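Report on one structure; see the data block that follows.
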2 protein chains.
Amino acid sequence: MTNRDDRRFLEQIGFRIRERRQELKMTQAGLGEAAELHRTFIGSVERGERNIALLSLRRIARALRVPVAELLADPNPKTA
Amino acid sequence: MTNRDDRRFLEQIGFRIRERRQELKMTQAGLGEAAELHRTFIGSVERGERNIALLSLRRIARALRVPVAELLADPNPKTA
């Protein structure tokens with residue numbers, strides 16, 4: 001479905017979600033409950049396996065109390 | 001599918017995409033071609049009608065030469 005670069009992008013976002021979740025000492029199940037998403041979905045997002053839709057990402061960001069943009073900020077932007 | 005607040009969020013993103021596209025003097029068809037997405041899809045995203053997936057948003061951001069996060073920055077964040 002996705003090429004390697006796409007996958008890396010999704011993995012970066014998943015990594016940030018996991019990092020922030022652990023910072024808040026939340027479990028995947030706890031985050032899932034707060035975001036009204038299934039814990040297995042949270043797990044697959046954190047592993048970069050999901051081309052997640054914006055509204056689901058927003059629910060996760062809210063549950064993590066960070067702006068959506070913060071989960072997406074690209075440390076190595078290829079755009080000029 | 002979405003509540004009013006979700007819709008407003010998607011509309012804000014769509015508005016930014018349109019603004020940036022017009023700044024670059026691109027048509028919807030031109031943006032669609034650059035992002036490898038159909039022009040009618042671009043139109044519906046700009047109107048906030050699509051709960052777009054991250055990888056599609058990223059293709060649009062690249063075609064517009066802006067970081068993905070810039071399309072998402074929330075002027076009125078509800079998160080603390």
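Note on naming: chains are A, B, ... as they come in the structure tokens, residues start from 1 per chain, ligands start from 1 in the order shown.
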
Quick check: residues of chain B within 7 Å of chain A, only C-alpha atoms, returned as a ChimeraX atom specification.
/B:6,51-55,62,65-69,72-73,77,79-80

Return chain B as a PDB file with N, CA and C atoms, in the first residue's frame, after superposing it on chain A by a least-squares fit that covers all C-alpha atoms paired in order.
ATOM      1  N   MET B   1       0.804  -1.199   0.038  1.00  0.00           N
ATOM      2  CA  MET B   1      -0.004   0.003   0.042  1.00  0.00           C
ATOM      3  C   MET B   1       0.858   1.260   0.041  1.00  0.00           C
ATOM      4  N   THR B   2       1.933   1.236   0.825  1.00  0.00           N
ATOM      5  CA  THR B   2       2.744   2.443   0.944  1.00  0.00           C
ATOM      6  C   THR B   2       4.192   2.129   0.604  1.00  0.00           C
ATOM      7  N   ASN B   3       4.893   3.130   0.115  1.00  0.00           N
ATOM      8  CA  ASN B   3       6.315   2.903  -0.133  1.00  0.00           C
ATOM      9  C   ASN B   3       7.109   3.133   1.157  1.00  0.00           C
ATOM     10  N   ARG B   4       8.416   2.969   1.054  1.00  0.00           N
ATOM     11  CA  ARG B   4       9.237   3.010   2.252  1.00  0.00           C
ATOM     12  C   ARG B   4       9.223   4.386   2.921  1.00  0.00           C
ATOM     13  N   ASP B   5       9.229   5.405   2.096  1.00  0.00           N
ATOM     14  CA  ASP B   5       9.232   6.775   2.605  1.00  0.00           C
ATOM     15  C   ASP B   5       7.914   7.105   3.317  1.00  0.00           C
ATOM     16  N   ASP B   6       6.816   6.654   2.724  1.00  0.00           N
ATOM     17  CA  ASP B   6       5.503   6.834   3.359  1.00  0.00           C
ATOM     18  C   ASP B   6       5.484   6.119   4.707  1.00  0.00           C
ATOM     19  N   ARG B   7       6.010   4.926   4.703  1.00  0.00           N
ATOM     20  CA  ARG B   7       6.006   4.129   5.914  1.00  0.00           C
ATOM     21  C   ARG B   7       6.824   4.805   7.010  1.00  0.00           C
ATOM     22  N   ARG B   8       7.946   5.374   6.622  1.00  0.00           N
ATOM     23  CA  ARG B   8       8.793   6.065   7.589  1.00  0.00           C
ATOM     24  C   ARG B   8       8.037   7.261   8.179  1.00  0.00           C
ATOM     25  N   PHE B   9       7.322   7.958   7.328  1.00  0.00           N
ATOM     26  CA  PHE B   9       6.525   9.109   7.779  1.00  0.00           C
ATOM     27  C   PHE B   9       5.493   8.669   8.827  1.00  0.00           C
ATOM     28  N   LEU B  10       4.783   7.589   8.524  1.00  0.00           N
ATOM     29  CA  LEU B  10       3.765   7.092   9.453  1.00  0.00           C
ATOM     30  C   LEU B  10       4.408   6.581  10.749  1.00  0.00           C
ATOM     31  N   GLU B  11       5.579   5.983  10.623  1.00  0.00           N
ATOM     32  CA  GLU B  11       6.285   5.477  11.803  1.00  0.00           C
ATOM     33  C   GLU B  11       6.726   6.625  12.715  1.00  0.00           C
ATOM     34  N   GLN B  12       7.161   7.715  12.110  1.00  0.00           N
ATOM     35  CA  GLN B  12       7.574   8.878  12.910  1.00  0.00           C
ATOM     36  C   GLN B  12       6.411   9.401  13.743  1.00  0.00           C
ATOM     37  N   ILE B  13       5.251   9.470  13.098  1.00  0.00           N
ATOM     38  CA  ILE B  13       4.069   9.947  13.809  1.00  0.00           C
ATOM     39  C   ILE B  13       3.703   8.963  14.915  1.00  0.00           C
ATOM     40  N   GLY B  14       3.751   7.696  14.598  1.00  0.00           N
ATOM     41  CA  GLY B  14       3.454   6.669  15.588  1.00  0.00           C
ATOM     42  C   GLY B  14       4.405   6.737  16.774  1.00  0.00           C
ATOM     43  N   PHE B  15       5.667   7.021  16.459  1.00  0.00           N
ATOM     44  CA  PHE B  15       6.678   7.118  17.511  1.00  0.00           C
ATOM     45  C   PHE B  15       6.355   8.275  18.458  1.00  0.00           C
ATOM     46  N   ARG B  16       5.965   9.400  17.881  1.00  0.00           N
ATOM     47  CA  ARG B  16       5.611  10.556  18.721  1.00  0.00           C
ATOM     48  C   ARG B  16       4.406  10.290  19.584  1.00  0.00           C
ATOM     49  N   ILE B  17       3.441   9.596  19.007  1.00  0.00           N
ATOM     50  CA  ILE B  17       2.234   9.267  19.775  1.00  0.00           C
ATOM     51  C   ILE B  17       2.620   8.389  20.965  1.00  0.00           C
ATOM     52  N   ARG B  18       3.442   7.379  20.696  1.00  0.00           N
ATOM     53  CA  ARG B  18       3.859   6.475  21.775  1.00  0.00           C
ATOM     54  C   ARG B  18       4.633   7.221  22.848  1.00  0.00           C
ATOM     55  N   GLU B  19       5.552   8.084  22.400  1.00  0.00           N
ATOM     56  CA  GLU B  19       6.387   8.843  23.319  1.00  0.00           C
ATOM     57  C   GLU B  19       5.521   9.698  24.258  1.00  0.00           C
ATOM     58  N   ARG B  20       4.590  10.398  23.664  1.00  0.00           N
ATOM     59  CA  ARG B  20       3.722  11.285  24.440  1.00  0.00           C
ATOM     60  C   ARG B  20       2.810  10.473  25.377  1.00  0.00           C
ATOM     61  N   ARG B  21       2.325   9.346  24.858  1.00  0.00           N
ATOM     62  CA  ARG B  21       1.467   8.484  25.688  1.00  0.00           C
ATOM     63  C   ARG B  21       2.231   7.997  26.914  1.00  0.00           C
ATOM     64  N   GLN B  22       3.486   7.584  26.695  1.00  0.00           N
ATOM     65  CA  GLN B  22       4.281   7.072  27.811  1.00  0.00           C
ATOM     66  C   GLN B  22       4.632   8.191  28.793  1.00  0.00           C
ATOM     67  N   GLU B  23       4.853   9.373  28.232  1.00  0.00           N
ATOM     68  CA  GLU B  23       5.120  10.543  29.063  1.00  0.00           C
ATOM     69  C   GLU B  23       3.945  10.766  30.032  1.00  0.00           C
ATOM     70  N   LEU B  24       2.739  10.525  29.531  1.00  0.00           N
ATOM     71  CA  LEU B  24       1.540  10.699  30.352  1.00  0.00           C
ATOM     72  C   LEU B  24       1.219   9.459  31.187  1.00  0.00           C
ATOM     73  N   LYS B  25       2.092   8.446  31.068  1.00  0.00           N
ATOM     74  CA  LYS B  25       1.895   7.168  31.762  1.00  0.00           C
ATOM     75  C   LYS B  25       0.533   6.552  31.450  1.00  0.00           C
ATOM     76  N   MET B  26       0.170   6.647  30.183  1.00  0.00           N
ATOM     77  CA  MET B  26      -1.073   6.007  29.739  1.00  0.00           C
ATOM     78  C   MET B  26      -0.726   4.687  29.057  1.00  0.00           C
ATOM     79  N   THR B  27      -1.626   3.720  29.178  1.00  0.00           N
ATOM     80  CA  THR B  27      -1.492   2.482  28.405  1.00  0.00           C
ATOM     81  C   THR B  27      -2.151   2.707  27.045  1.00  0.00           C
ATOM     82  N   GLN B  28      -1.924   1.773  26.110  1.00  0.00           N
ATOM     83  CA  GLN B  28      -2.611   1.853  24.815  1.00  0.00           C
ATOM     84  C   GLN B  28      -4.114   1.764  25.032  1.00  0.00           C
ATOM     85  N   ALA B  29      -4.515   0.929  25.980  1.00  0.00           N
ATOM     86  CA  ALA B  29      -5.946   0.787  26.267  1.00  0.00           C
ATOM     87  C   ALA B  29      -6.503   2.089  26.832  1.00  0.00           C
ATOM     88  N   GLY B  30      -5.715   2.740  27.691  1.00  0.00           N
ATOM     89  CA  GLY B  30      -6.143   4.006  28.283  1.00  0.00           C
ATOM     90  C   GLY B  30      -6.282   5.091  27.228  1.00  0.00           C
ATOM     91  N   LEU B  31      -5.310   5.142  26.322  1.00  0.00           N
ATOM     92  CA  LEU B  31      -5.382   6.128  25.241  1.00  0.00           C
ATOM     93  C   LEU B  31      -6.578   5.824  24.339  1.00  0.00           C
ATOM     94  N   GLY B  32      -6.745   4.533  24.047  1.00  0.00           N
ATOM     95  CA  GLY B  32      -7.872   4.144  23.203  1.00  0.00           C
ATOM     96  C   GLY B  32      -9.198   4.580  23.813  1.00  0.00           C
ATOM     97  N   GLU B  33      -9.299   4.387  25.125  1.00  0.00           N
ATOM     98  CA  GLU B  33     -10.549   4.768  25.804  1.00  0.00           C
ATOM     99  C   GLU B  33     -10.759   6.281  25.727  1.00  0.00           C
ATOM    100  N   ALA B  34      -9.684   7.028  25.988  1.00  0.00           N
ATOM    101  CA  ALA B  34      -9.782   8.490  25.974  1.00  0.00           C
ATOM    102  C   ALA B  34     -10.116   9.014  24.574  1.00  0.00           C
ATOM    103  N   ALA B  35      -9.585   8.333  23.558  1.00  0.00           N
ATOM    104  CA  ALA B  35      -9.792   8.800  22.181  1.00  0.00           C
ATOM    105  C   ALA B  35     -10.984   8.116  21.512  1.00  0.00           C
ATOM    106  N   GLU B  36     -11.624   7.203  22.240  1.00  0.00           N
ATOM    107  CA  GLU B  36     -12.729   6.410  21.683  1.00  0.00           C
ATOM    108  C   GLU B  36     -12.311   5.646  20.440  1.00  0.00           C
ATOM    109  N   LEU B  37     -11.149   5.003  20.553  1.00  0.00           N
ATOM    110  CA  LEU B  37     -10.635   4.155  19.472  1.00  0.00           C
ATOM    111  C   LEU B  37     -10.178   2.850  20.118  1.00  0.00           C
ATOM    112  N   HIS B  38     -10.188   1.771  19.375  1.00  0.00           N
ATOM    113  CA  HIS B  38      -9.816   0.481  19.958  1.00  0.00           C
ATOM    114  C   HIS B  38      -8.322   0.415  20.249  1.00  0.00           C
ATOM    115  N   ARG B  39      -7.948  -0.236  21.318  1.00  0.00           N
ATOM    116  CA  ARG B  39      -6.536  -0.296  21.705  1.00  0.00           C
ATOM    117  C   ARG B  39      -5.666  -0.959  20.634  1.00  0.00           C
ATOM    118  N   THR B  40      -6.229  -1.898  19.891  1.00  0.00           N
ATOM    119  CA  THR B  40      -5.422  -2.532  18.832  1.00  0.00           C
ATOM    120  C   THR B  40      -5.182  -1.548  17.683  1.00  0.00           C
ATOM    121  N   PHE B  41      -6.140  -0.647  17.490  1.00  0.00           N
ATOM    122  CA  PHE B  41      -5.958   0.403  16.479  1.00  0.00           C
ATOM    123  C   PHE B  41      -4.830   1.327  16.930  1.00  0.00           C
ATOM    124  N   ILE B  42      -4.842   1.718  18.193  1.00  0.00           N
ATOM    125  CA  ILE B  42      -3.765   2.564  18.747  1.00  0.00           C
ATOM    126  C   ILE B  42      -2.414   1.874  18.526  1.00  0.00           C
ATOM    127  N   GLY B  43      -2.360   0.592  18.818  1.00  0.00           N
ATOM    128  CA  GLY B  43      -1.111  -0.166  18.642  1.00  0.00           C
ATOM    129  C   GLY B  43      -0.614  -0.109  17.207  1.00  0.00           C
ATOM    130  N   SER B  44      -1.512  -0.291  16.260  1.00  0.00           N
ATOM    131  CA  SER B  44      -1.089  -0.307  14.852  1.00  0.00           C
ATOM    132  C   SER B  44      -0.699   1.096  14.378  1.00  0.00           C
ATOM    133  N   VAL B  45      -1.342   2.116  14.920  1.00  0.00           N
ATOM    134  CA  VAL B  45      -0.950   3.497  14.594  1.00  0.00           C
ATOM    135  C   VAL B  45       0.456   3.764  15.138  1.00  0.00           C
ATOM    136  N   GLU B  46       0.703   3.330  16.353  1.00  0.00           N
ATOM    137  CA  GLU B  46       2.027   3.565  16.957  1.00  0.00           C
ATOM    138  C   GLU B  46       3.127   2.838  16.188  1.00  0.00           C
ATOM    139  N   ARG B  47       2.781   1.745  15.549  1.00  0.00           N
ATOM    140  CA  ARG B  47       3.778   1.014  14.758  1.00  0.00           C
ATOM    141  C   ARG B  47       3.872   1.555  13.319  1.00  0.00           C
ATOM    142  N   GLY B  48       3.097   2.561  13.007  1.00  0.00           N
ATOM    143  CA  GLY B  48       3.157   3.158  11.662  1.00  0.00           C
ATOM    144  C   GLY B  48       2.489   2.302  10.609  1.00  0.00           C
ATOM    145  N   GLU B  49       1.574   1.445  11.045  1.00  0.00           N
ATOM    146  CA  GLU B  49       0.929   0.519  10.108  1.00  0.00           C
ATOM    147  C   GLU B  49      -0.351   1.089   9.495  1.00  0.00           C
ATOM    148  N   ARG B  50      -0.781   2.263   9.976  1.00  0.00           N
ATOM    149  CA  ARG B  50      -2.066   2.801   9.538  1.00  0.00           C
ATOM    150  C   ARG B  50      -1.907   4.141   8.841  1.00  0.00           C
ATOM    151  N   ASN B  51      -2.532   4.246   7.700  1.00  0.00           N
ATOM    152  CA  ASN B  51      -2.634   5.529   7.013  1.00  0.00           C
ATOM    153  C   ASN B  51      -3.867   6.214   7.606  1.00  0.00           C
ATOM    154  N   ILE B  52      -3.691   6.681   8.819  1.00  0.00           N
ATOM    155  CA  ILE B  52      -4.800   7.143   9.653  1.00  0.00           C
ATOM    156  C   ILE B  52      -5.478   8.397   9.075  1.00  0.00           C
ATOM    157  N   ALA B  53      -6.773   8.483   9.274  1.00  0.00           N
ATOM    158  CA  ALA B  53      -7.528   9.646   8.796  1.00  0.00           C
ATOM    159  C   ALA B  53      -7.404  10.788   9.801  1.00  0.00           C
ATOM    160  N   LEU B  54      -7.543  11.987   9.271  1.00  0.00           N
ATOM    161  CA  LEU B  54      -7.342  13.192  10.094  1.00  0.00           C
ATOM    162  C   LEU B  54      -8.166  13.227  11.371  1.00  0.00           C
ATOM    163  N   LEU B  55      -9.436  12.847  11.276  1.00  0.00           N
ATOM    164  CA  LEU B  55     -10.277  12.974  12.476  1.00  0.00           C
ATOM    165  C   LEU B  55      -9.880  11.977  13.566  1.00  0.00           C
ATOM    166  N   SER B  56      -9.356  10.820  13.161  1.00  0.00           N
ATOM    167  CA  SER B  56      -8.873   9.869  14.170  1.00  0.00           C
ATOM    168  C   SER B  56      -7.591  10.402  14.806  1.00  0.00           C
ATOM    169  N   LEU B  57      -6.737  10.984  13.969  1.00  0.00           N
ATOM    170  CA  LEU B  57      -5.493  11.555  14.495  1.00  0.00           C
ATOM    171  C   LEU B  57      -5.816  12.675  15.484  1.00  0.00           C
ATOM    172  N   ARG B  58      -6.826  13.437  15.146  1.00  0.00           N
ATOM    173  CA  ARG B  58      -7.208  14.525  16.015  1.00  0.00           C
ATOM    174  C   ARG B  58      -7.742  14.024  17.366  1.00  0.00           C
ATOM    175  N   ARG B  59      -8.471  12.926  17.344  1.00  0.00           N
ATOM    176  CA  ARG B  59      -8.959  12.362  18.609  1.00  0.00           C
ATOM    177  C   ARG B  59      -7.792  11.901  19.477  1.00  0.00           C
ATOM    178  N   ILE B  60      -6.797  11.312  18.829  1.00  0.00           N
ATOM    179  CA  ILE B  60      -5.608  10.872  19.571  1.00  0.00           C
ATOM    180  C   ILE B  60      -4.875  12.092  20.144  1.00  0.00           C
ATOM    181  N   ALA B  61      -4.701  13.116  19.307  1.00  0.00           N
ATOM    182  CA  ALA B  61      -3.987  14.324  19.760  1.00  0.00           C
ATOM    183  C   ALA B  61      -4.696  14.944  20.961  1.00  0.00           C
ATOM    184  N   ARG B  62      -5.999  14.993  20.902  1.00  0.00           N
ATOM    185  CA  ARG B  62      -6.751  15.576  22.029  1.00  0.00           C
ATOM    186  C   ARG B  62      -6.579  14.762  23.293  1.00  0.00           C
ATOM    187  N   ALA B  63      -6.644  13.438  23.131  1.00  0.00           N
ATOM    188  CA  ALA B  63      -6.483  12.569  24.297  1.00  0.00           C
ATOM    189  C   ALA B  63      -5.083  12.737  24.885  1.00  0.00           C
ATOM    190  N   LEU B  64      -4.120  13.075  24.032  1.00  0.00           N
ATOM    191  CA  LEU B  64      -2.736  13.271  24.486  1.00  0.00           C
ATOM    192  C   LEU B  64      -2.478  14.733  24.872  1.00  0.00           C
ATOM    193  N   ARG B  65      -3.498  15.575  24.705  1.00  0.00           N
ATOM    194  CA  ARG B  65      -3.400  16.998  25.045  1.00  0.00           C
ATOM    195  C   ARG B  65      -2.244  17.699  24.340  1.00  0.00           C
ATOM    196  N   VAL B  66      -2.112  17.436  23.053  1.00  0.00           N
ATOM    197  CA  VAL B  66      -1.150  18.155  22.206  1.00  0.00           C
ATOM    198  C   VAL B  66      -1.879  18.607  20.934  1.00  0.00           C
ATOM    199  N   PRO B  67      -1.408  19.685  20.309  1.00  0.00           N
ATOM    200  CA  PRO B  67      -2.008  20.076  19.028  1.00  0.00           C
ATOM    201  C   PRO B  67      -1.711  18.999  17.984  1.00  0.00           C
ATOM    202  N   VAL B  68      -2.630  18.799  17.065  1.00  0.00           N
ATOM    203  CA  VAL B  68      -2.435  17.799  16.011  1.00  0.00           C
ATOM    204  C   VAL B  68      -1.113  18.052  15.286  1.00  0.00           C
ATOM    205  N   ALA B  69      -0.850  19.319  14.992  1.00  0.00           N
ATOM    206  CA  ALA B  69       0.351  19.662  14.226  1.00  0.00           C
ATOM    207  C   ALA B  69       1.619  19.180  14.917  1.00  0.00           C
ATOM    208  N   GLU B  70       1.579  19.102  16.233  1.00  0.00           N
ATOM    209  CA  GLU B  70       2.782  18.682  16.952  1.00  0.00           C
ATOM    210  C   GLU B  70       3.127  17.223  16.669  1.00  0.00           C
ATOM    211  N   LEU B  71       2.117  16.423  16.396  1.00  0.00           N
ATOM    212  CA  LEU B  71       2.373  15.013  16.085  1.00  0.00           C
ATOM    213  C   LEU B  71       2.948  14.853  14.678  1.00  0.00           C
ATOM    214  N   LEU B  72       2.794  15.882  13.869  1.00  0.00           N
ATOM    215  CA  LEU B  72       3.186  15.808  12.458  1.00  0.00           C
ATOM    216  C   LEU B  72       4.456  16.552  12.123  1.00  0.00           C
ATOM    217  N   ALA B  73       4.920  17.400  13.031  1.00  0.00           N
ATOM    218  CA  ALA B  73       6.071  18.249  12.687  1.00  0.00           C
ATOM    219  C   ALA B  73       7.214  17.376  12.191  1.00  0.00           C
ATOM    220  N   ASP B  74       7.699  17.698  11.012  1.00  0.00           N
ATOM    221  CA  ASP B  74       8.703  16.881  10.345  1.00  0.00           C
ATOM    222  C   ASP B  74      10.103  17.383  10.702  1.00  0.00           C
ATOM    223  N   PRO B  75      10.890  16.557  11.381  1.00  0.00           N
ATOM    224  CA  PRO B  75      12.227  17.001  11.738  1.00  0.00           C
ATOM    225  C   PRO B  75      13.145  17.145  10.510  1.00  0.00           C
ATOM    226  N   ASN B  76      12.804  16.450   9.422  1.00  0.00           N
ATOM    227  CA  ASN B  76      13.605  16.531   8.207  1.00  0.00           C
ATOM    228  C   ASN B  76      12.730  16.850   7.009  1.00  0.00           C
ATOM    229  N   PRO B  77      12.178  18.066   6.989  1.00  0.00           N
ATOM    230  CA  PRO B  77      11.262  18.390   5.876  1.00  0.00           C
ATOM    231  C   PRO B  77      11.983  18.396   4.539  1.00  0.00           C
ATOM    232  N   LYS B  78      11.321  17.791   3.553  1.00  0.00           N
ATOM    233  CA  LYS B  78      11.907  17.785   2.211  1.00  0.00           C
ATOM    234  C   LYS B  78      11.391  18.967   1.421  1.00  0.00           C
ATOM    235  N   THR B  79      10.394  19.629   1.995  1.00  0.00           N
ATOM    236  CA  THR B  79       9.837  20.790   1.320  1.00  0.00           C
ATOM    237  C   THR B  79      10.724  21.977   1.625  1.00  0.00           C
ATOM    238  N   ALA B  80      10.773  22.913   0.683  1.00  0.00           N
ATOM    239  CA  ALA B  80      11.696  24.049   0.854  1.00  0.00           C
ATOM    240  C   ALA B  80      11.079  25.119   1.732  1.00  0.00           C
TER     241      ALA B  80
END

Check stretch 13-80 of chain A with DSSP on the backbone and list each residue it calls alpha helix (DSSP H), as a VMD selection string.
chain A and resid 13 to 23 28 to 35 39 to 46 54 to 63 68 to 72
